[in-house]
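**Q** Supplied in structure tokens, the structure appears directly below.
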Amino acid sequence: MNERHHRVLAIGECMVEMAPRADGAYTRNFAGDTFNTAWYLRRLLPEAWSVDYCSAVGEDRISDHMLGFMQKAGVGTDSVRRISGRTVGLYMIELDNGERSFSYWRGQSAAKLLARDRDVLSAALERTDVALFSGITLAILSEEDRRNLLEALAEARRRGTRVAFDPNMRLRLWPNVAVMCAAVAEAAEVADIVLPSFDEDGQYYGETSPLETIARYRNAGASTIVVKNGVGRIHAEGREEGVVTFDPQPVAQVVDTTAAGDSFNAGFLSVRLSGASMGDAIGRGAQVAAQVIGKRGALVGIDV
Ligand code: ADP
């Protein structure tokens with residue numbers, strides 16, 4: 001029997017990625033922060049867990065391909081709505097002397113409507129043990145839809161769902177720093193597990209130490225906080241464990257840091273959710289992220 005007992009639901013936007021090849025042609029992939037975490041979680045979690053994605057796509061062929069890609073990877077798509085007249089967002093990577101730059105076409109993407117219907121969201125969150133979302137998920141929504149999402153998450157949390165949140169602060173998706181910080185603060189109030197990166201939170205909240213970042217999220221009500229910091233020391237806090245630090249082993253040859261944080265989150269959650277200590281969970285996150293930045297692309301093969 002292959003009975004599933006637990007369920008993770010990642011909520012956000014997956015996009016078409018056009019990545020340059022050495023010969024000047026482009027390869028089409030699918031990626032997006034919360035989807036990347038779901039993709040790695042599927043590889044890392046035992047079969048007893050199901051991993052589902054909650055989003056919206058169009059009814060066109062490229063949307064079919066995206067859903068097919070998710071399903072083939074083992075990520076459930078029952079909570080992905082289809083919206084006629086819309087399609088999926090796209091980004092293109094440009095390489096200039098090894099430096100990557102990104103251009104986005106996502107202003108009208110279907111995913112922007114993922115939280116339009118509160119009842120649909122509540123239904124998607126039913127029987128969910130862990131719900132995961134990010135600051136990018138919030139950034140693509142209208143203010144009203146953002147409220148729908150946070151209310152649905154708060155309601156699920158009252159029913160026992162654990163909520164995980166990566167602030168993933170991307171200023172260009174927001175009108176200004178104040179609006180972005182206010183939205184992240186509201187999201188933190190519905191989260192149990194918060195997984196920020198110090199280079200963003202420190203900058204936008206004017207914090208000079210990861211301990212200040214931890215204190216802010218603890219005051220918002222989070223019980224598990226892990227502050228990533230590139231190759232630098234990770235600071236974390238668990239309600240029972242207090243502050244824990246971890247120094248990642250530097251990766252000698254960093255090829256592409258895309259999805260470092262997303263894959264770290266998957267590694268961390270994959271063991272933390274089954275009760276592992278903070279130190280073990282961070283070690284797993286760092287080990288997964290180290291493999292991911294050693295290869296090109298957001299979604300890469302890893303030794304599990
Ligand atoms: P984000 O991608 O969200 O900005 P970070 O850059 O903080 O996230 O990286 C996430 C994790 O990836 C870090 O906590 C660390 O474990 C790992 N990592 C990032 N850069 C390196 C590196 N140069 N060497 C080893 N590990 C790294």
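Letters for chains follow the order of the structure tokens (A, B, ...), residue numbers begin at 1 for each chain, and ligand numbers begin at 1 in the order shown.
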Applying 12 Å and only C-alpha atoms, which residues near Met278 of chain A remain after dropping the ones on its own chain fewer than 5 positions away? List them as a PyMOL selection string.
**A** chain A and resi 193+223-226+234-246+267-273+283-285
**Q** Find the residues of chain A that sit at most 6 Å from ligand 1; for each, write down the nearest two atoms and how far apart they are in Å, to one decimal. Count only C-alpha atoms and all ligand atoms. Sort by chain, then by number going up, and give it as a tab-separated table.
**A**
```
residue	atom	partner	partner_atom_place_in_ligand_line	distance
A:Ser197	CA	ligand 1	7 (O)	4.9
A:Lys228	CA	ligand 1	14 (O)	4.1
A:Asn229	CA	ligand 1	7 (O)	3.9
A:Gly230	CA	ligand 1	7 (O)	3.5
A:Val231	CA	ligand 1	21 (C)	3.9
A:Pro248	CA	ligand 1	16 (O)	5.3
A:Gln249	CA	ligand 1	25 (C)	5.5
A:Pro250	CA	ligand 1	24 (N)	3.7
A:Val251	CA	ligand 1	24 (N)	3.9
A:Ala259	CA	ligand 1	2 (O)	5.5
A:Ala260	CA	ligand 1	2 (O)	4.2
A:Gly261	CA	ligand 1	3 (O)	3.5
A:Phe264	CA	ligand 1	11 (C)	5.5
A:Ala286	CA	ligand 1	16 (O)	3.7
A:Ala289	CA	ligand 1	12 (O)	4.7
A:Ala290	CA	ligand 1	26 (N)	4.9
```
**Q** Tell me which protein, DNA and RNA residues are within 12 Å of Leu153 of chain A, counting only C-alpha atoms, leaving out same-chain ones fewer than 6 positions away, and put them as a PyMOL selection string.
**A** chain A and resi 9-11+115+118-119+121-126+128-133+146-147+159-165+186-192
**Q** Could you check the closest approach to Cys14 of chain A for each of A:Ala31, A:Val120, A:Ala156, A:Val304 and tell me which residue wins, using only C-alpha atoms?
**A**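 Of A:Ala31, A:Val120, A:Ala156, A:Val304, the one nearest Cys14 of chain A is A:Ala31, counting only C-alpha atoms.
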**Q** As a short mmCIF file (atom, residue, chain, number, x, y, z; two decimals) with N, CA, C and O atoms, in the first residue's frame, list the residues of segment 47-294 of chain A assigned to helix (DSSP H, G or I) by DSSP on the backbone atoms of this structure.
**A**
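Heads up, here's the output in out07.cif:
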```cif
data_model
loop_
_atom_site.label_atom_id
_atom_site.label_comp_id
_atom_site.auth_asym_id
_atom_site.auth_seq_id
_atom_site.Cartn_x
_atom_site.Cartn_y
_atom_site.Cartn_z
N ARG A 61 -1.62 25.70 -24.49
CA ARG A 61 -0.68 24.58 -24.55
C ARG A 61 0.48 24.69 -23.58
O ARG A 61 0.89 23.72 -22.96
N ILE A 62 1.03 25.92 -23.45
CA ILE A 62 2.19 26.07 -22.56
C ILE A 62 1.78 25.80 -21.10
O ILE A 62 2.55 25.23 -20.32
N SER A 63 0.53 26.17 -20.79
CA SER A 63 0.02 25.87 -19.44
C SER A 63 -0.12 24.35 -19.26
O SER A 63 0.20 23.80 -18.19
N ASP A 64 -0.59 23.66 -20.34
CA ASP A 64 -0.66 22.18 -20.29
C ASP A 64 0.72 21.60 -20.01
O ASP A 64 0.88 20.68 -19.21
N HIS A 65 1.71 22.14 -20.73
CA HIS A 65 3.08 21.61 -20.58
C HIS A 65 3.58 21.82 -19.15
O HIS A 65 4.25 20.96 -18.58
N MET A 66 3.27 23.01 -18.59
CA MET A 66 3.73 23.28 -17.22
C MET A 66 3.10 22.28 -16.25
O MET A 66 3.79 21.71 -15.40
N LEU A 67 1.80 22.05 -16.39
CA LEU A 67 1.14 21.11 -15.48
C LEU A 67 1.70 19.70 -15.66
O LEU A 67 1.91 18.97 -14.69
N GLY A 68 1.97 19.33 -16.92
CA GLY A 68 2.55 18.02 -17.20
C GLY A 68 3.92 17.88 -16.54
O GLY A 68 4.25 16.83 -15.97
N PHE A 69 4.69 18.96 -16.60
CA PHE A 69 6.02 18.96 -15.97
C PHE A 69 5.90 18.76 -14.46
O PHE A 69 6.64 17.97 -13.86
N MET A 70 4.95 19.47 -13.85
CA MET A 70 4.76 19.33 -12.39
C MET A 70 4.38 17.89 -12.04
O MET A 70 4.94 17.28 -11.12
N GLN A 71 3.40 17.37 -12.80
CA GLN A 71 2.91 16.02 -12.49
C GLN A 71 4.01 14.98 -12.66
O GLN A 71 4.16 14.08 -11.84
N LYS A 72 4.81 15.15 -13.71
CA LYS A 72 5.89 14.20 -13.96
C LYS A 72 6.92 14.24 -12.81
O LYS A 72 7.54 13.23 -12.49
N ALA A 110 -1.59 34.34 -15.21
CA ALA A 110 -2.75 33.74 -14.54
C ALA A 110 -2.53 33.65 -13.04
O ALA A 110 -3.47 33.83 -12.25
N ALA A 111 -1.28 33.41 -12.63
CA ALA A 111 -0.99 33.20 -11.20
C ALA A 111 -1.36 34.41 -10.35
O ALA A 111 -1.61 34.27 -9.15
N LYS A 112 -1.42 35.59 -10.97
CA LYS A 112 -1.80 36.79 -10.21
C LYS A 112 -3.22 36.66 -9.64
O LYS A 112 -3.60 37.38 -8.74
N LEU A 113 -4.00 35.72 -10.20
CA LEU A 113 -5.38 35.53 -9.74
C LEU A 113 -5.53 34.32 -8.81
O LEU A 113 -6.65 33.90 -8.53
N ARG A 118 -11.74 33.14 -2.26
CA ARG A 118 -11.42 32.71 -0.91
C ARG A 118 -11.84 31.25 -0.65
O ARG A 118 -11.13 30.48 0.01
N ASP A 119 -13.02 30.85 -1.20
CA ASP A 119 -13.50 29.48 -0.96
C ASP A 119 -12.60 28.45 -1.63
O ASP A 119 -12.35 27.37 -1.09
N VAL A 120 -12.12 28.81 -2.82
CA VAL A 120 -11.21 27.90 -3.53
C VAL A 120 -9.93 27.72 -2.72
O VAL A 120 -9.40 26.61 -2.57
N LEU A 121 -9.43 28.83 -2.17
CA LEU A 121 -8.22 28.76 -1.35
C LEU A 121 -8.44 27.89 -0.12
O LEU A 121 -7.60 27.04 0.22
N SER A 122 -9.56 28.12 0.55
CA SER A 122 -9.85 27.34 1.77
C SER A 122 -9.95 25.86 1.44
O SER A 122 -9.46 25.01 2.20
N ALA A 123 -10.56 25.55 0.29
CA ALA A 123 -10.68 24.14 -0.11
C ALA A 123 -9.29 23.55 -0.38
O ALA A 123 -8.99 22.42 0.02
N ALA A 124 -8.42 24.34 -1.02
CA ALA A 124 -7.07 23.84 -1.33
C ALA A 124 -6.29 23.58 -0.04
O ALA A 124 -5.47 22.67 0.03
N LEU A 125 -6.57 24.39 0.99
CA LEU A 125 -5.82 24.26 2.24
C LEU A 125 -6.37 23.18 3.18
O LEU A 125 -5.76 22.86 4.20
N GLY A 135 7.24 35.89 -0.07
CA GLY A 135 7.02 37.30 -0.36
C GLY A 135 6.73 37.53 -1.83
O GLY A 135 6.07 38.52 -2.19
N ILE A 136 7.20 36.64 -2.69
CA ILE A 136 6.89 36.77 -4.12
C ILE A 136 5.42 36.39 -4.36
O ILE A 136 4.71 37.04 -5.13
N THR A 137 4.95 35.36 -3.66
CA THR A 137 3.53 35.01 -3.75
C THR A 137 2.68 36.24 -3.41
O THR A 137 1.72 36.57 -4.13
N LEU A 138 3.05 36.95 -2.34
CA LEU A 138 2.28 38.13 -1.93
C LEU A 138 2.39 39.25 -2.95
O LEU A 138 1.41 39.95 -3.24
N ALA A 139 3.60 39.41 -3.50
CA ALA A 139 3.87 40.57 -4.36
C ALA A 139 3.05 40.55 -5.65
O ALA A 139 2.72 41.60 -6.19
N GLU A 143 -4.10 43.86 -3.43
CA GLU A 143 -4.20 44.00 -1.98
C GLU A 143 -5.35 43.15 -1.41
O GLU A 143 -5.21 42.51 -0.37
N GLU A 144 -6.46 43.14 -2.13
CA GLU A 144 -7.62 42.38 -1.66
C GLU A 144 -7.33 40.87 -1.68
O GLU A 144 -7.68 40.14 -0.75
N ASP A 145 -6.67 40.42 -2.74
CA ASP A 145 -6.36 38.99 -2.84
C ASP A 145 -5.33 38.57 -1.79
O ASP A 145 -5.35 37.45 -1.28
N ARG A 146 -4.43 39.51 -1.48
CA ARG A 146 -3.43 39.25 -0.44
C ARG A 146 -4.15 38.99 0.89
O ARG A 146 -3.81 38.09 1.64
N ARG A 147 -5.17 39.80 1.13
CA ARG A 147 -5.96 39.63 2.37
C ARG A 147 -6.65 38.26 2.36
O ARG A 147 -6.64 37.54 3.35
N ASN A 148 -7.23 37.89 1.21
CA ASN A 148 -7.86 36.56 1.07
C ASN A 148 -6.88 35.46 1.46
O ASN A 148 -7.22 34.54 2.21
N LEU A 149 -5.66 35.56 0.91
CA LEU A 149 -4.67 34.51 1.14
C LEU A 149 -4.29 34.45 2.62
O LEU A 149 -4.28 33.37 3.22
N LEU A 150 -4.00 35.61 3.21
CA LEU A 150 -3.56 35.61 4.61
C LEU A 150 -4.68 35.14 5.53
O LEU A 150 -4.45 34.43 6.51
N GLU A 151 -5.93 35.50 5.21
CA GLU A 151 -7.06 35.04 6.03
C GLU A 151 -7.25 33.53 5.90
O GLU A 151 -7.50 32.84 6.88
N ALA A 152 -7.12 33.03 4.68
CA ALA A 152 -7.27 31.58 4.47
C ALA A 152 -6.16 30.83 5.20
O ALA A 152 -6.39 29.76 5.79
N LEU A 153 -4.95 31.38 5.18
CA LEU A 153 -3.83 30.73 5.89
C LEU A 153 -4.06 30.77 7.40
O LEU A 153 -3.81 29.78 8.10
N ALA A 154 -4.56 31.91 7.90
CA ALA A 154 -4.81 32.04 9.33
C ALA A 154 -5.87 31.02 9.77
O ALA A 154 -5.76 30.38 10.83
N GLU A 155 -6.89 30.87 8.93
CA GLU A 155 -7.96 29.92 9.25
C GLU A 155 -7.43 28.48 9.25
O GLU A 155 -7.72 27.69 10.15
N ALA A 156 -6.60 28.16 8.24
CA ALA A 156 -6.01 26.82 8.17
C ALA A 156 -5.13 26.57 9.39
O ALA A 156 -5.12 25.48 9.97
N ARG A 157 -4.40 27.61 9.79
CA ARG A 157 -3.52 27.48 10.94
C ARG A 157 -4.31 27.18 12.20
O ARG A 157 -3.90 26.38 13.04
N ARG A 158 -5.48 27.82 12.33
CA ARG A 158 -6.33 27.54 13.50
C ARG A 158 -6.81 26.09 13.50
O ARG A 158 -7.05 25.50 14.55
N LEU A 171 12.25 43.85 -4.39
CA LEU A 171 11.72 45.21 -4.40
C LEU A 171 11.05 45.58 -5.73
O LEU A 171 10.06 46.31 -5.75
N ARG A 172 11.57 45.04 -6.83
CA ARG A 172 10.99 45.48 -8.10
C ARG A 172 9.55 45.00 -8.33
O ARG A 172 8.85 45.47 -9.22
N LEU A 173 9.10 44.06 -7.48
CA LEU A 173 7.71 43.60 -7.58
C LEU A 173 6.75 44.44 -6.73
O LEU A 173 5.55 44.20 -6.73
N VAL A 177 9.58 50.24 -0.65
CA VAL A 177 10.08 49.42 0.47
C VAL A 177 9.04 49.33 1.59
O VAL A 177 8.83 48.26 2.18
N ALA A 178 8.35 50.45 1.89
CA ALA A 178 7.41 50.46 3.02
C ALA A 178 6.26 49.48 2.79
O ALA A 178 5.88 48.73 3.71
N VAL A 179 5.72 49.47 1.57
CA VAL A 179 4.60 48.55 1.26
C VAL A 179 5.09 47.10 1.36
O VAL A 179 4.41 46.22 1.91
N MET A 180 6.29 46.85 0.83
CA MET A 180 6.84 45.48 0.88
C MET A 180 7.03 45.03 2.33
O MET A 180 6.61 43.93 2.71
N CYS A 181 7.63 45.89 3.15
CA CYS A 181 7.90 45.51 4.54
C CYS A 181 6.59 45.32 5.32
O CYS A 181 6.50 44.42 6.16
N ALA A 182 5.59 46.14 5.01
CA ALA A 182 4.30 46.00 5.71
C ALA A 182 3.66 44.66 5.35
O ALA A 182 3.09 43.97 6.21
N ALA A 183 3.75 44.27 4.08
CA ALA A 183 3.15 42.99 3.64
C ALA A 183 3.89 41.81 4.27
O ALA A 183 3.25 40.84 4.72
N VAL A 184 5.20 41.91 4.33
CA VAL A 184 5.98 40.82 4.95
C VAL A 184 5.64 40.72 6.44
O VAL A 184 5.50 39.61 6.98
N ALA A 185 5.47 41.86 7.09
CA ALA A 185 5.12 41.85 8.52
C ALA A 185 3.76 41.19 8.74
O ALA A 185 3.58 40.40 9.68
N GLU A 186 2.79 41.48 7.86
CA GLU A 186 1.47 40.86 8.00
C GLU A 186 1.55 39.35 7.78
O GLU A 186 0.89 38.57 8.46
N ALA A 187 2.35 38.97 6.79
CA ALA A 187 2.50 37.54 6.50
C ALA A 187 3.13 36.81 7.67
O ALA A 187 2.75 35.69 8.02
N ALA A 188 4.11 37.47 8.30
CA ALA A 188 4.81 36.83 9.42
C ALA A 188 3.84 36.51 10.55
O ALA A 188 4.04 35.54 11.29
N PHE A 198 19.36 37.08 5.24
CA PHE A 198 19.78 38.30 5.91
C PHE A 198 20.14 39.42 4.93
O PHE A 198 19.96 40.60 5.23
N ASP A 199 20.62 39.07 3.75
CA ASP A 199 21.00 40.15 2.82
C ASP A 199 19.79 40.97 2.39
O ASP A 199 19.91 42.15 2.08
N GLU A 200 18.59 40.38 2.43
CA GLU A 200 17.38 41.15 2.11
C GLU A 200 16.75 41.76 3.37
O GLU A 200 16.54 42.96 3.43
N ASP A 201 16.47 40.93 4.35
CA ASP A 201 15.80 41.45 5.55
C ASP A 201 16.64 42.51 6.26
O ASP A 201 16.12 43.53 6.71
N GLY A 202 17.94 42.25 6.35
CA GLY A 202 18.83 43.21 7.01
C GLY A 202 18.79 44.55 6.31
O GLY A 202 18.66 45.61 6.94
N GLN A 203 18.84 44.50 4.99
CA GLN A 203 18.84 45.73 4.18
C GLN A 203 17.53 46.50 4.34
O GLN A 203 17.52 47.68 4.63
N TYR A 204 16.42 45.80 4.14
CA TYR A 204 15.14 46.53 4.07
C TYR A 204 14.59 46.91 5.44
O TYR A 204 13.82 47.86 5.56
N TYR A 205 14.94 46.15 6.47
CA TYR A 205 14.47 46.51 7.81
C TYR A 205 15.54 47.25 8.60
O TYR A 205 15.36 47.55 9.78
N PRO A 210 21.66 39.25 12.36
CA PRO A 210 20.57 38.28 12.16
C PRO A 210 19.75 38.07 13.42
O PRO A 210 18.58 37.67 13.35
N LEU A 211 20.35 38.34 14.59
CA LEU A 211 19.59 38.18 15.84
C LEU A 211 18.44 39.18 15.91
O LEU A 211 17.39 38.90 16.49
N GLU A 212 18.63 40.35 15.29
CA GLU A 212 17.53 41.34 15.25
C GLU A 212 16.41 40.82 14.34
O GLU A 212 15.23 41.02 14.61
N THR A 213 16.81 40.18 13.24
CA THR A 213 15.82 39.61 12.32
C THR A 213 15.01 38.53 13.05
O THR A 213 13.78 38.48 12.96
N ILE A 214 15.72 37.69 13.78
CA ILE A 214 15.06 36.63 14.55
C ILE A 214 14.06 37.23 15.54
O ILE A 214 12.92 36.79 15.63
N ALA A 215 14.50 38.26 16.27
CA ALA A 215 13.64 38.85 17.29
C ALA A 215 12.36 39.42 16.67
O ALA A 215 11.27 39.27 17.21
N ARG A 216 12.51 40.05 15.50
CA ARG A 216 11.33 40.64 14.84
C ARG A 216 10.31 39.55 14.48
O ARG A 216 9.11 39.70 14.70
N TYR A 217 10.79 38.43 13.94
CA TYR A 217 9.85 37.36 13.56
C TYR A 217 9.31 36.63 14.79
O TYR A 217 8.16 36.17 14.79
N ARG A 218 10.12 36.52 15.83
CA ARG A 218 9.62 35.91 17.07
C ARG A 218 8.48 36.76 17.64
O ARG A 218 7.43 36.26 18.03
N ASN A 219 8.68 38.08 17.62
CA ASN A 219 7.64 38.98 18.15
C ASN A 219 6.37 38.92 17.32
O ASN A 219 5.28 39.19 17.82
N ALA A 220 6.51 38.55 16.03
CA ALA A 220 5.32 38.42 15.17
C ALA A 220 4.60 37.10 15.43
O ALA A 220 3.51 36.89 14.93
N ALA A 260 19.25 28.79 -4.46
CA ALA A 260 19.99 28.40 -3.25
C ALA A 260 19.04 28.42 -2.05
O ALA A 260 18.92 27.44 -1.31
N GLY A 261 18.35 29.56 -1.88
CA GLY A 261 17.44 29.68 -0.74
C GLY A 261 16.25 28.73 -0.83
O GLY A 261 15.84 28.14 0.17
N ASP A 262 15.71 28.56 -2.03
CA ASP A 262 14.53 27.69 -2.22
C ASP A 262 14.87 26.23 -1.87
O ASP A 262 14.09 25.53 -1.23
N SER A 263 16.06 25.80 -2.33
CA SER A 263 16.44 24.40 -2.08
C SER A 263 16.86 24.22 -0.62
O SER A 263 16.62 23.16 -0.03
N PHE A 264 17.46 25.27 -0.04
CA PHE A 264 17.77 25.21 1.40
C PHE A 264 16.46 24.97 2.17
O PHE A 264 16.40 24.11 3.05
N ASN A 265 15.43 25.75 1.83
CA ASN A 265 14.14 25.62 2.52
C ASN A 265 13.62 24.18 2.44
O ASN A 265 13.11 23.64 3.42
N ALA A 266 13.75 23.58 1.24
CA ALA A 266 13.26 22.20 1.06
C ALA A 266 14.06 21.24 1.93
O ALA A 266 13.48 20.37 2.61
N GLY A 267 15.37 21.38 1.91
CA GLY A 267 16.21 20.49 2.71
C GLY A 267 15.87 20.64 4.19
O GLY A 267 15.70 19.65 4.91
N PHE A 268 15.76 21.88 4.63
CA PHE A 268 15.45 22.15 6.04
C PHE A 268 14.10 21.53 6.42
O PHE A 268 13.99 20.76 7.38
N LEU A 269 13.06 21.87 5.64
CA LEU A 269 11.71 21.40 5.98
C LEU A 269 11.61 19.88 5.89
O LEU A 269 10.91 19.26 6.69
N SER A 270 12.32 19.28 4.94
CA SER A 270 12.16 17.84 4.72
C SER A 270 12.51 17.03 5.96
O SER A 270 11.96 15.96 6.17
N VAL A 271 13.43 17.53 6.78
CA VAL A 271 13.72 16.78 8.00
C VAL A 271 13.10 17.41 9.24
O VAL A 271 12.71 16.72 10.17
N ARG A 272 12.96 18.72 9.23
CA ARG A 272 12.37 19.40 10.40
C ARG A 272 10.91 18.97 10.61
O ARG A 272 10.46 18.84 11.75
N MET A 278 16.98 21.33 15.20
CA MET A 278 17.29 22.48 14.37
C MET A 278 18.63 22.29 13.67
O MET A 278 18.78 22.54 12.48
N GLY A 279 19.64 21.83 14.41
CA GLY A 279 20.98 21.65 13.84
C GLY A 279 20.96 20.66 12.68
O GLY A 279 21.56 20.91 11.62
N ASP A 280 20.28 19.54 12.86
CA ASP A 280 20.21 18.53 11.79
C ASP A 280 19.48 19.08 10.57
O ASP A 280 19.86 18.84 9.42
N ALA A 281 18.40 19.82 10.82
CA ALA A 281 17.59 20.34 9.71
C ALA A 281 18.38 21.41 8.93
O ALA A 281 18.36 21.42 7.69
N ILE A 282 19.08 22.28 9.63
CA ILE A 282 19.88 23.30 8.94
C ILE A 282 21.00 22.62 8.15
O ILE A 282 21.30 22.99 7.02
N GLY A 283 21.61 21.62 8.75
CA GLY A 283 22.68 20.89 8.06
C GLY A 283 22.18 20.30 6.75
O GLY A 283 22.85 20.37 5.72
N ARG A 284 20.97 19.77 6.79
CA ARG A 284 20.38 19.19 5.57
C ARG A 284 20.10 20.28 4.54
O ARG A 284 20.37 20.12 3.36
N GLY A 285 19.57 21.40 5.01
CA GLY A 285 19.29 22.51 4.11
C GLY A 285 20.57 22.98 3.43
O GLY A 285 20.61 23.18 2.20
N ALA A 286 21.62 23.14 4.21
CA ALA A 286 22.89 23.62 3.67
C ALA A 286 23.49 22.62 2.69
O ALA A 286 24.06 23.00 1.65
N GLN A 287 23.32 21.35 3.00
CA GLN A 287 23.87 20.29 2.14
C GLN A 287 23.15 20.28 0.79
O GLN A 287 23.79 20.15 -0.26
N VAL A 288 21.84 20.44 0.82
CA VAL A 288 21.07 20.46 -0.44
C VAL A 288 21.43 21.72 -1.24
O VAL A 288 21.72 21.65 -2.44
N ALA A 289 21.46 22.89 -0.57
CA ALA A 289 21.76 24.14 -1.28
C ALA A 289 23.16 24.09 -1.89
O ALA A 289 23.38 24.58 -3.01
N ALA A 290 24.12 23.49 -1.18
CA ALA A 290 25.49 23.42 -1.69
C ALA A 290 25.53 22.63 -3.00
O ALA A 290 26.26 22.99 -3.93
N GLN A 291 24.72 21.57 -3.09
CA GLN A 291 24.68 20.80 -4.34
C GLN A 291 24.05 21.63 -5.47
O GLN A 291 24.50 21.58 -6.60
N VAL A 292 23.03 22.38 -5.12
CA VAL A 292 22.28 23.14 -6.14
C VAL A 292 23.14 24.26 -6.73
O VAL A 292 23.10 24.50 -7.94
N ILE A 293 23.93 24.94 -5.90
CA ILE A 293 24.73 26.05 -6.44
C ILE A 293 25.98 25.57 -7.17
O ILE A 293 26.65 26.35 -7.84
#
```
**Q** Expressed in Å to a single decimal, how great is the separation between atom CA of Glu59 of chain A and atom CA of Gly85 of chain A?
**A**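 Atom CA of Glu59 of chain A sits 7.5 Å away from atom CA of Gly85 of chain A.
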**Q** Show which residues sit within 9 Å of Asp52 of chain A, as a VMD selection string. Count only C-alpha atoms, and ignore same-chain residues fewer than 5 positions away.
**A** chain A and resid 7 to 11 38 74 to 80
**Q** In Å, with one decimal, what is the gap from atom CA of Arg127 of chain A to atom CA of Gly221 of chain A?
**A**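 Result for atom CA of Arg127 of chain A versus atom CA of Gly221 of chain A: 22.8 Å, one decimal.
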**Q** For atom CA of Tyr40 of chain A and atom CA of Leu299 of chain A, determine how far apart the two atoms are, in Å to one decimal place.
**A**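 That distance, rounded to one decimal, is 7.8 Å.
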**Q** Between A:Ile302, A:Ala276, A:Met18, A:Val227, which has the minimum distance to Met92 of chain A (counting only C-alpha atoms)?
**A** A:Met18
**Q** Identify which of the residues A:Leu90, A:Met169, A:Ala222, A:Ala73 lies closest to Trp105 of chain A, counting only C-alpha atoms when measuring atom-to-atom distances.
**A**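 So, comparing all the options, the nearest one is A:Leu90.
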**Q** Among segment 50-276 of chain A, which residues does DSSP mark as strand (DSSP E or B) when it is run on the backbone? Keep the chain and numbering as in the structure and answer as a ChimeraX atom specification.
**A** /A:50-57,75-82,90-96,99-105,130-134,162-166,193-194,197,224-229,231,234-238,242-246
